[in-house]
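What's in model_9.cif: mmCIF, C-alpha atoms
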data_data
loop_
_atom_site.group_PDB
_atom_site.id
_atom_site.type_symbol
_atom_site.label_atom_id
_atom_site.label_comp_id
_atom_site.auth_asym_id
_atom_site.auth_seq_id
_atom_site.Cartn_x
_atom_site.Cartn_y
_atom_site.Cartn_z
ATOM 1 C CA MET A 184 0.000 0.000 0.000
ATOM 2 C CA LYS A 185 2.832 2.401 0.847
ATOM 3 C CA LYS A 186 4.456 1.743 -2.535
ATOM 4 C CA VAL A 187 1.223 2.588 -4.363
ATOM 5 C CA PHE A 188 0.840 5.792 -2.343
ATOM 6 C CA VAL A 189 4.471 6.826 -3.036
ATOM 7 C CA LEU A 190 4.068 6.067 -6.762
ATOM 8 C CA LEU A 191 0.836 8.062 -6.860
ATOM 9 C CA CYS A 192 2.524 11.039 -5.135
ATOM 10 C CA LEU A 193 5.482 10.889 -7.539
ATOM 11 C CA LEU A 194 3.108 10.759 -10.497
ATOM 12 C CA LEU A 195 1.170 13.802 -9.254
ATOM 13 C CA VAL A 196 4.371 15.769 -8.588
ATOM 14 C CA SER A 197 5.793 14.936 -12.020
ATOM 15 C CA GLN A 198 2.513 15.837 -13.743
ATOM 16 C CA SER A 199 2.325 19.172 -11.954
ATOM 17 C CA ALA A 200 5.967 19.877 -12.861
ATOM 18 C CA LEU A 201 5.115 19.262 -16.512
ATOM 19 C CA ALA A 202 2.046 21.481 -16.217
ATOM 20 C CA GLY A 203 4.170 24.593 -15.623
ATOM 21 C CA TYR A 204 2.223 26.698 -13.123
ATOM 22 C CA SER A 205 3.500 29.418 -10.841
ATOM 23 C CA LEU A 206 2.206 31.182 -7.746
ATOM 24 C CA SER A 207 3.536 34.667 -6.915
ATOM 25 C CA LEU A 208 3.034 36.765 -3.784
ATOM 26 C CA TYR A 209 3.731 40.525 -3.847
ATOM 27 C CA THR A 210 3.899 43.443 -1.463
ATOM 28 C CA GLY A 211 4.792 47.014 -2.238
ATOM 29 C CA LYS A 212 3.765 50.629 -2.636
ATOM 30 C CA SER A 213 0.856 52.058 -4.659
ATOM 31 C CA PHE A 214 1.129 55.622 -5.964
ATOM 32 C CA ASN A 215 -2.209 57.320 -6.599
ATOM 33 C CA GLN A 216 -3.437 59.986 -8.982
ATOM 34 C CA SER A 217 -5.095 63.003 -7.373
ATOM 35 C CA LEU A 218 -8.869 63.411 -7.571
ATOM 36 C CA GLU A 219 -10.967 66.515 -8.185
ATOM 37 C CA THR A 220 -14.431 67.629 -7.094
ATOM 38 C CA LYS A 221 -17.053 69.002 -9.467
ATOM 39 C CA ASN A 222 -16.148 72.449 -8.127
ATOM 40 C CA GLY A 223 -12.464 72.024 -8.920
ATOM 41 C CA LEU A 224 -11.260 71.352 -5.352
ATOM 42 C CA ALA A 225 -8.296 68.935 -5.328
ATOM 43 C CA ILE A 226 -8.433 65.770 -3.233
ATOM 44 C CA GLU A 227 -5.208 63.877 -2.699
ATOM 45 C CA LEU A 228 -5.147 60.181 -1.872
ATOM 46 C CA LYS A 229 -2.228 59.100 0.280
ATOM 47 C CA ASP A 230 0.142 56.650 -1.339
ATOM 48 C CA SER A 231 -0.429 53.292 0.296
ATOM 49 C CA ASN A 232 0.801 49.727 0.587
ATOM 50 C CA HIS A 233 -0.686 46.839 -1.342
ATOM 51 C CA LEU A 234 -0.759 43.057 -1.164
ATOM 52 C CA ALA A 235 -1.199 40.963 -4.279
ATOM 53 C CA PHE A 236 -0.900 37.473 -5.713
ATOM 54 C CA SER A 237 -0.948 35.893 -9.136
ATOM 55 C CA ILE A 238 -1.467 32.402 -10.494
ATOM 56 C CA ASP A 239 0.057 31.833 -13.921
ATOM 57 C CA ARG A 240 0.427 29.102 -16.514
ATOM 58 C CA THR A 241 3.962 29.108 -17.911
ATOM 59 C CA ILE A 242 4.793 27.905 -21.418
ATOM 60 C CA ASP A 243 8.413 28.230 -22.610
ATOM 61 C CA SER A 244 9.202 31.969 -22.322
ATOM 62 C CA ALA A 245 5.593 33.121 -21.907
ATOM 63 C CA ARG A 246 3.048 33.106 -19.114
ATOM 64 C CA TYR A 247 -0.582 34.009 -18.630
ATOM 65 C CA GLY A 248 -2.907 33.959 -15.675
ATOM 66 C CA PHE A 249 -4.832 35.866 -13.006
ATOM 67 C CA TYR A 250 -3.641 38.806 -10.852
ATOM 68 C CA PHE A 251 -5.359 40.141 -7.710
ATOM 69 C CA SER A 252 -4.284 43.244 -5.781
ATOM 70 C CA ASN A 253 -5.778 44.966 -2.747
ATOM 71 C CA THR A 254 -4.937 48.451 -1.474
ATOM 72 C CA GLU A 255 -6.615 50.953 0.848
ATOM 73 C CA SER A 256 -5.846 54.676 0.640
ATOM 74 C CA ASP A 257 -6.811 57.483 3.021
ATOM 75 C CA PHE A 258 -7.634 61.025 1.954
ATOM 76 C CA GLN A 259 -4.831 63.391 2.975
ATOM 77 C CA SER A 260 -7.251 66.133 4.037
ATOM 78 C CA SER A 261 -9.819 63.777 5.642
ATOM 79 C CA PRO A 262 -8.163 60.811 7.387
ATOM 80 C CA ASP A 263 -11.597 59.396 8.294
ATOM 81 C CA LYS A 264 -12.358 58.926 4.559
ATOM 82 C CA ASN A 265 -10.725 56.079 2.687
ATOM 83 C CA VAL A 266 -11.039 54.092 -0.512
ATOM 84 C CA GLU A 267 -10.332 50.390 -0.952
ATOM 85 C CA MET A 268 -9.403 49.194 -4.448
ATOM 86 C CA GLN A 269 -9.351 45.578 -5.548
ATOM 87 C CA TYR A 270 -7.973 44.718 -8.982
ATOM 88 C CA PHE A 271 -9.074 41.485 -10.680
ATOM 89 C CA MET A 272 -6.928 41.173 -13.802
ATOM 90 C CA PHE A 273 -6.116 38.635 -16.513
ATOM 91 C CA GLN A 274 -2.479 39.022 -17.484
ATOM 92 C CA SER A 275 0.051 37.782 -20.013
ATOM 93 C CA ALA A 276 3.811 38.339 -20.201
ATOM 94 C CA VAL A 277 6.880 37.408 -22.208
ATOM 95 C CA GLU A 278 10.101 36.471 -20.393
ATOM 96 C CA VAL A 279 13.560 37.448 -21.654
ATOM 97 C CA PRO A 280 16.565 35.765 -19.979
ATOM 98 C CA LEU A 281 19.354 38.241 -19.169
ATOM 99 C CA SER A 282 21.784 35.747 -17.593
ATOM 100 C CA ASN A 283 21.765 32.284 -16.027
ATOM 101 C CA HIS A 284 20.024 33.575 -12.902
ATOM 102 C CA ILE A 285 18.223 36.751 -14.022
ATOM 103 C CA ASN A 286 15.112 37.062 -16.201
ATOM 104 C CA SER A 287 13.242 40.144 -17.277
ATOM 105 C CA TYR A 288 9.605 40.182 -18.326
ATOM 106 C CA VAL A 289 7.058 42.562 -19.788
ATOM 107 C CA GLY A 290 3.311 42.090 -20.062
ATOM 108 C CA ALA A 291 -0.183 43.494 -20.310
ATOM 109 C CA GLN A 292 -3.326 43.026 -18.217
ATOM 110 C CA ILE A 293 -7.047 43.574 -18.526
ATOM 111 C CA GLY A 294 -9.889 43.231 -16.028
ATOM 112 C CA ALA A 295 -11.801 45.183 -13.383
ATOM 113 C CA ASN A 296 -11.194 47.494 -10.435
ATOM 114 C CA TYR A 297 -13.725 47.200 -7.604
ATOM 115 C CA ILE A 298 -13.663 50.580 -5.820
ATOM 116 C CA SER A 299 -15.183 50.731 -2.351
ATOM 117 C CA PRO A 300 -15.219 54.130 -0.546
ATOM 118 C CA ASN A 301 -16.254 54.168 3.118
ATOM 119 C CA PHE A 302 -18.596 57.147 2.520
ATOM 120 C CA THR A 303 -20.729 56.048 -0.446
ATOM 121 C CA SER A 304 -21.656 52.943 -2.424
ATOM 122 C CA SER A 305 -19.105 50.788 -4.225
ATOM 123 C CA ASP A 306 -18.730 50.379 -7.968
ATOM 124 C CA THR A 307 -16.803 48.263 -10.472
ATOM 125 C CA PHE A 308 -14.847 49.765 -13.367
ATOM 126 C CA PHE A 309 -13.007 48.416 -16.404
ATOM 127 C CA ALA A 310 -9.218 48.415 -15.895
ATOM 128 C CA SER A 311 -6.139 47.620 -17.933
ATOM 129 C CA GLY A 312 -2.430 48.222 -17.759
ATOM 130 C CA LEU A 313 1.151 47.243 -18.430
ATOM 131 C CA TYR A 314 3.798 45.713 -16.190
ATOM 132 C CA GLY A 315 7.395 44.604 -16.227
ATOM 133 C CA GLY A 316 10.085 43.421 -13.906
ATOM 134 C CA LEU A 317 13.179 41.438 -13.080
ATOM 135 C CA GLU A 318 13.395 38.115 -11.294
ATOM 136 C CA TYR A 319 16.344 36.355 -9.710
ATOM 137 C CA LEU A 320 16.276 32.558 -10.013
ATOM 138 C CA PHE A 321 17.443 30.685 -6.919
ATOM 139 C CA SER A 322 16.408 27.495 -8.730
ATOM 140 C CA ASP A 323 14.031 26.515 -11.510
ATOM 141 C CA GLN A 324 11.206 26.701 -8.957
ATOM 142 C CA ALA A 325 12.046 29.523 -6.524
ATOM 143 C CA ARG A 326 12.460 33.151 -7.654
ATOM 144 C CA ILE A 327 12.371 36.613 -6.113
ATOM 145 C CA LEU A 328 11.165 39.520 -8.200
ATOM 146 C CA PHE A 329 10.943 43.280 -8.442
ATOM 147 C CA GLU A 330 8.246 44.719 -10.700
ATOM 148 C CA THR A 331 6.387 47.878 -11.635
ATOM 149 C CA ARG A 332 2.770 48.049 -12.800
ATOM 150 C CA TRP A 333 0.760 50.829 -14.390
ATOM 151 C CA LEU A 334 -2.961 50.317 -13.746
ATOM 152 C CA ALA A 335 -5.479 52.462 -15.616
ATOM 153 C CA THR A 336 -9.124 52.390 -14.514
ATOM 154 C CA ILE A 337 -11.684 53.689 -17.006
ATOM 155 C CA VAL A 338 -14.255 55.681 -15.058
ATOM 156 C CA ASN A 339 -17.266 57.830 -15.795
ATOM 157 C CA ASN A 340 -18.877 60.311 -13.461
ATOM 158 C CA ALA A 341 -22.353 58.846 -13.893
ATOM 159 C CA SER A 342 -21.327 55.862 -11.781
ATOM 160 C CA ASN A 343 -22.594 55.033 -8.292
ATOM 161 C CA VAL A 344 -19.507 56.731 -6.864
ATOM 162 C CA SER A 345 -20.947 60.223 -6.883
ATOM 163 C CA CYS A 346 -20.923 63.456 -4.942
ATOM 164 C CA ALA A 347 -22.948 66.547 -4.025
ATOM 165 C CA LEU A 348 -22.372 70.191 -4.927
ATOM 166 C CA PRO A 349 -21.305 72.161 -1.803
ATOM 167 C CA THR A 350 -18.566 74.715 -2.454
ATOM 168 C CA ASP A 351 -17.243 74.985 1.097
ATOM 169 C CA GLU A 352 -13.850 73.257 1.259
ATOM 170 C CA ASN A 353 -14.802 71.496 4.520
ATOM 171 C CA LYS A 354 -18.063 70.217 3.031
ATOM 172 C CA GLN A 355 -16.785 69.548 -0.445
ATOM 173 C CA CYS A 356 -17.980 66.873 -2.763
ATOM 174 C CA LEU A 357 -15.942 63.881 -1.636
ATOM 175 C CA TRP A 358 -15.485 61.894 -4.819
ATOM 176 C CA HIS A 359 -15.005 62.784 -8.430
ATOM 177 C CA PHE A 360 -12.448 61.547 -10.949
ATOM 178 C CA ASP A 361 -10.438 64.107 -12.867
ATOM 179 C CA GLY A 362 -10.988 62.922 -16.444
ATOM 180 C CA ASP A 363 -11.975 59.510 -17.713
ATOM 181 C CA VAL A 364 -8.952 57.519 -16.490
ATOM 182 C CA PHE A 365 -7.718 56.969 -12.924
ATOM 183 C CA ASN A 366 -4.012 56.026 -12.970
ATOM 184 C CA GLN A 367 -2.220 54.102 -10.277
ATOM 185 C CA PHE A 368 1.378 52.848 -10.218
ATOM 186 C CA GLN A 369 2.582 49.915 -8.134
ATOM 187 C CA THR A 370 6.127 48.884 -7.290
ATOM 188 C CA SER A 371 6.440 45.458 -5.700
ATOM 189 C CA LEU A 372 8.842 42.927 -4.271
ATOM 190 C CA GLY A 373 7.660 39.366 -4.552
ATOM 191 C CA PHE A 374 8.356 35.675 -4.409
ATOM 192 C CA THR A 375 7.423 33.148 -7.112
ATOM 193 C CA TYR A 376 7.269 29.378 -6.831
ATOM 194 C CA ARG A 377 6.885 27.277 -9.986
ATOM 195 C CA PHE A 378 5.536 23.752 -9.797
#
Structure rendered as structure tokens:
Amino acid sequence: MKKVFVLLCLLLVSQSALAGYSLSLYTGKSFNQSLETKNGLAIELKDSNHLAFSIDRTIDSARYGFYFSNTESDFQSSPDKNVEMQYFMFQSAVEVPLSNHINSYVGAQIGANYISPNFTSSDTFFASGLYGGLEYLFSDQARILFETRWLATIVNNASNVSCALPTDENKQCLWHFDGDVFNQFQTSLGFTYRF
């Protein structure tokens, strides 16, 4: 019985190694675009930390998969107001080896940004972006990485995330995107395990 169990485990491990999947965990800093009220009053979101993970299928020098990131940013002028953003993205990248132990990669992503302010209702927006990075290979399975992502959320001001019209700076409209695109940049350190 033990021999059958060991053979079954070896078969599963070898099949998963052939499958070429990877799991990556990230942490880093998110840099936010400023926001503007309908009356032209500027609202600055504090830059914040984020946590993220991705699950990818790897084929030769390419990979594709799913990316999730979560960040929460406070308003600089109103610390009691904050916005949580969750990105759900499909991504694809091409890897370029630079040496025996260093790879670079560049890719694109498309998906949604679920924006949840603590002062009004939440809404989901279309998002896309580009990313790239470097990874150091400890082995074929274990890697550490440094990457940068540009995330662009397509917004419109007719969404559920809305605001009122007061002109007093202390009672200003709390939420309004400046233009049709909200830009966010992420820099991350991460760890990838391929199996």
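CA of Gln269 in chain A to CA of Arg326 in chain A spans 25.2 Å [interatomic distance, one decimal].
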### Query
Quick one: of A:Val289, A:Ala245, A:Ala310, A:Leu228, who's nearest to Gln259 in chain A, counting all atoms listed in the file?
A:Leu228
### Query
Skipping near chain neighbours, those fewer than 6 positions away, what residues fall within 8 Å of range 272-286 of chain A using only C-alpha atoms, listed as a list in words?
Ser244, Ala245, Arg246, Tyr247, Gly248, Phe249, Tyr250, Phe251, Gln292, Ile293, Gly294, Ala295, Ala310, Ser311, Leu317, Glu318, Tyr319, Leu320 and Phe321 of chain A
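Straight-line separation from CA of Asp230 in chain A to CA of Lys264 in chain A: 14.0 Å.
CA of Leu208 in chain A is found 21.4 Å from CA of Ala335 in chain A.
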### Residue IDs satisfying the PyMOL selection byres ((chain A and resi 207) around 10), as a PyMOL selection string
chain A and resi 205-206+208-209+235-239+250+325-328+373-377
Taking all listed atoms of range 330-337 of chain A, build the axis-aligned box, pad each of the six sides by 8 Å, then write its centre and edge lengths in Å to one decimal as AutoDock Vina command-line options.
--center_x -1.7 --center_y 49.2 --center_z -13.9 --size_x 35.9 --size_y 25.0 --size_z 22.3
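Each of A:Phe302, A:Phe378, A:Ala291, A:Gln369 was compared to Lys212 in chain A using only C-alpha atoms, and A:Gln369 turns out to be the nearest.
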Using the chain letters and numbering of this document, enumerate as a PDB file with C-alpha atoms, in the frame of the given file the residues selected by the PyMOL selection byres ((chain A and resi 233) around 7).
ATOM      1  CA  THR A 210       3.899  43.443  -1.463  1.00  0.00           C
ATOM      2  CA  GLY A 211       4.792  47.014  -2.238  1.00  0.00           C
ATOM      3  CA  LYS A 212       3.765  50.629  -2.636  1.00  0.00           C
ATOM      4  CA  SER A 213       0.856  52.058  -4.659  1.00  0.00           C
ATOM      5  CA  SER A 231      -0.429  53.292   0.296  1.00  0.00           C
ATOM      6  CA  ASN A 232       0.801  49.727   0.587  1.00  0.00           C
ATOM      7  CA  LEU A 234      -0.759  43.057  -1.164  1.00  0.00           C
ATOM      8  CA  ALA A 235      -1.199  40.963  -4.279  1.00  0.00           C
ATOM      9  CA  SER A 252      -4.284  43.244  -5.781  1.00  0.00           C
ATOM     10  CA  ASN A 253      -5.778  44.966  -2.747  1.00  0.00           C
ATOM     11  CA  THR A 254      -4.937  48.451  -1.474  1.00  0.00           C
TER      12      THR A 254
END
### Message
Please enumerate the residues selected by the PyMOL selection byres ((chain A and resi 367) around 10) when evaluated against the supplied file, formatted as a PyMOL selection string.
### Response
chain A and resi 213-217+230+312+332-336+364-366+368-369
Neighbouring residues of Asn265 in chain A were defined as those with any atom within 9 Å, considering all atoms listed in the file; residues of the same chain fewer than 5 positions away were excluded. Please report them as a PDB file with C-alpha atoms, in the coordinates of the input.
ATOM      1  CA  LEU A 228      -5.147  60.181  -1.872  1.00  0.00           C
ATOM      2  CA  GLU A 255      -6.615  50.953   0.848  1.00  0.00           C
ATOM      3  CA  SER A 256      -5.846  54.676   0.640  1.00  0.00           C
ATOM      4  CA  ASP A 257      -6.811  57.483   3.021  1.00  0.00           C
ATOM      5  CA  PHE A 258      -7.634  61.025   1.954  1.00  0.00           C
ATOM      6  CA  SER A 299     -15.183  50.731  -2.351  1.00  0.00           C
ATOM      7  CA  PRO A 300     -15.219  54.130  -0.546  1.00  0.00           C
ATOM      8  CA  ASN A 301     -16.254  54.168   3.118  1.00  0.00           C
ATOM      9  CA  PHE A 302     -18.596  57.147   2.520  1.00  0.00           C
TER      10      PHE A 302
END
### Message
From the options A:Gln324, A:Thr303, A:Tyr270, A:Gly316, which residue's atoms come nearest to Thr370 in chain A, counting only C-alpha atoms?
### Response
A:Gly316
Assuming the input is short of atoms at range 260-274 of chain A, produce N, CA and C atoms for that part as a compact mmCIF listing (two decimals), keeping the file's coordinate frame.
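See selection_26.txt below for the written result:
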# COMPACT_ATOMS: atom_id res chain seq x y z
N SER A 260 -6.57 65.07 3.30
CA SER A 260 -7.25 66.13 4.04
C SER A 260 -8.33 65.61 4.98
N SER A 261 -8.77 64.37 4.80
CA SER A 261 -9.82 63.78 5.64
C SER A 261 -9.43 62.35 5.99
N PRO A 262 -8.64 62.15 7.05
CA PRO A 262 -8.16 60.81 7.39
C PRO A 262 -9.28 59.81 7.70
N ASP A 263 -10.49 60.30 8.02
CA ASP A 263 -11.60 59.40 8.29
C ASP A 263 -12.22 58.85 7.01
N LYS A 264 -11.86 59.39 5.85
CA LYS A 264 -12.36 58.93 4.56
C LYS A 264 -11.29 58.08 3.89
N ASN A 265 -11.68 56.91 3.40
CA ASN A 265 -10.72 56.08 2.69
C ASN A 265 -11.40 55.33 1.54
N VAL A 266 -10.58 54.80 0.67
CA VAL A 266 -11.04 54.09 -0.51
C VAL A 266 -10.26 52.79 -0.61
N GLU A 267 -10.97 51.68 -0.73
CA GLU A 267 -10.33 50.39 -0.95
C GLU A 267 -10.48 50.04 -2.42
N MET A 268 -9.38 49.59 -3.04
CA MET A 268 -9.40 49.19 -4.45
C MET A 268 -8.93 47.76 -4.57
N GLN A 269 -9.70 46.97 -5.30
CA GLN A 269 -9.35 45.58 -5.55
C GLN A 269 -9.32 45.36 -7.06
N TYR A 270 -8.14 45.00 -7.56
CA TYR A 270 -7.97 44.72 -8.98
C TYR A 270 -8.10 43.22 -9.23
N PHE A 271 -8.92 42.85 -10.20
CA PHE A 271 -9.07 41.48 -10.68
C PHE A 271 -8.67 41.51 -12.16
N MET A 272 -7.48 40.99 -12.46
CA MET A 272 -6.93 41.17 -13.80
C MET A 272 -6.49 39.84 -14.42
N PHE A 273 -6.74 39.69 -15.73
CA PHE A 273 -6.12 38.64 -16.51
C PHE A 273 -4.84 39.23 -17.09
N GLN A 274 -3.75 38.46 -17.06
CA GLN A 274 -2.48 39.02 -17.48
C GLN A 274 -1.72 38.03 -18.36
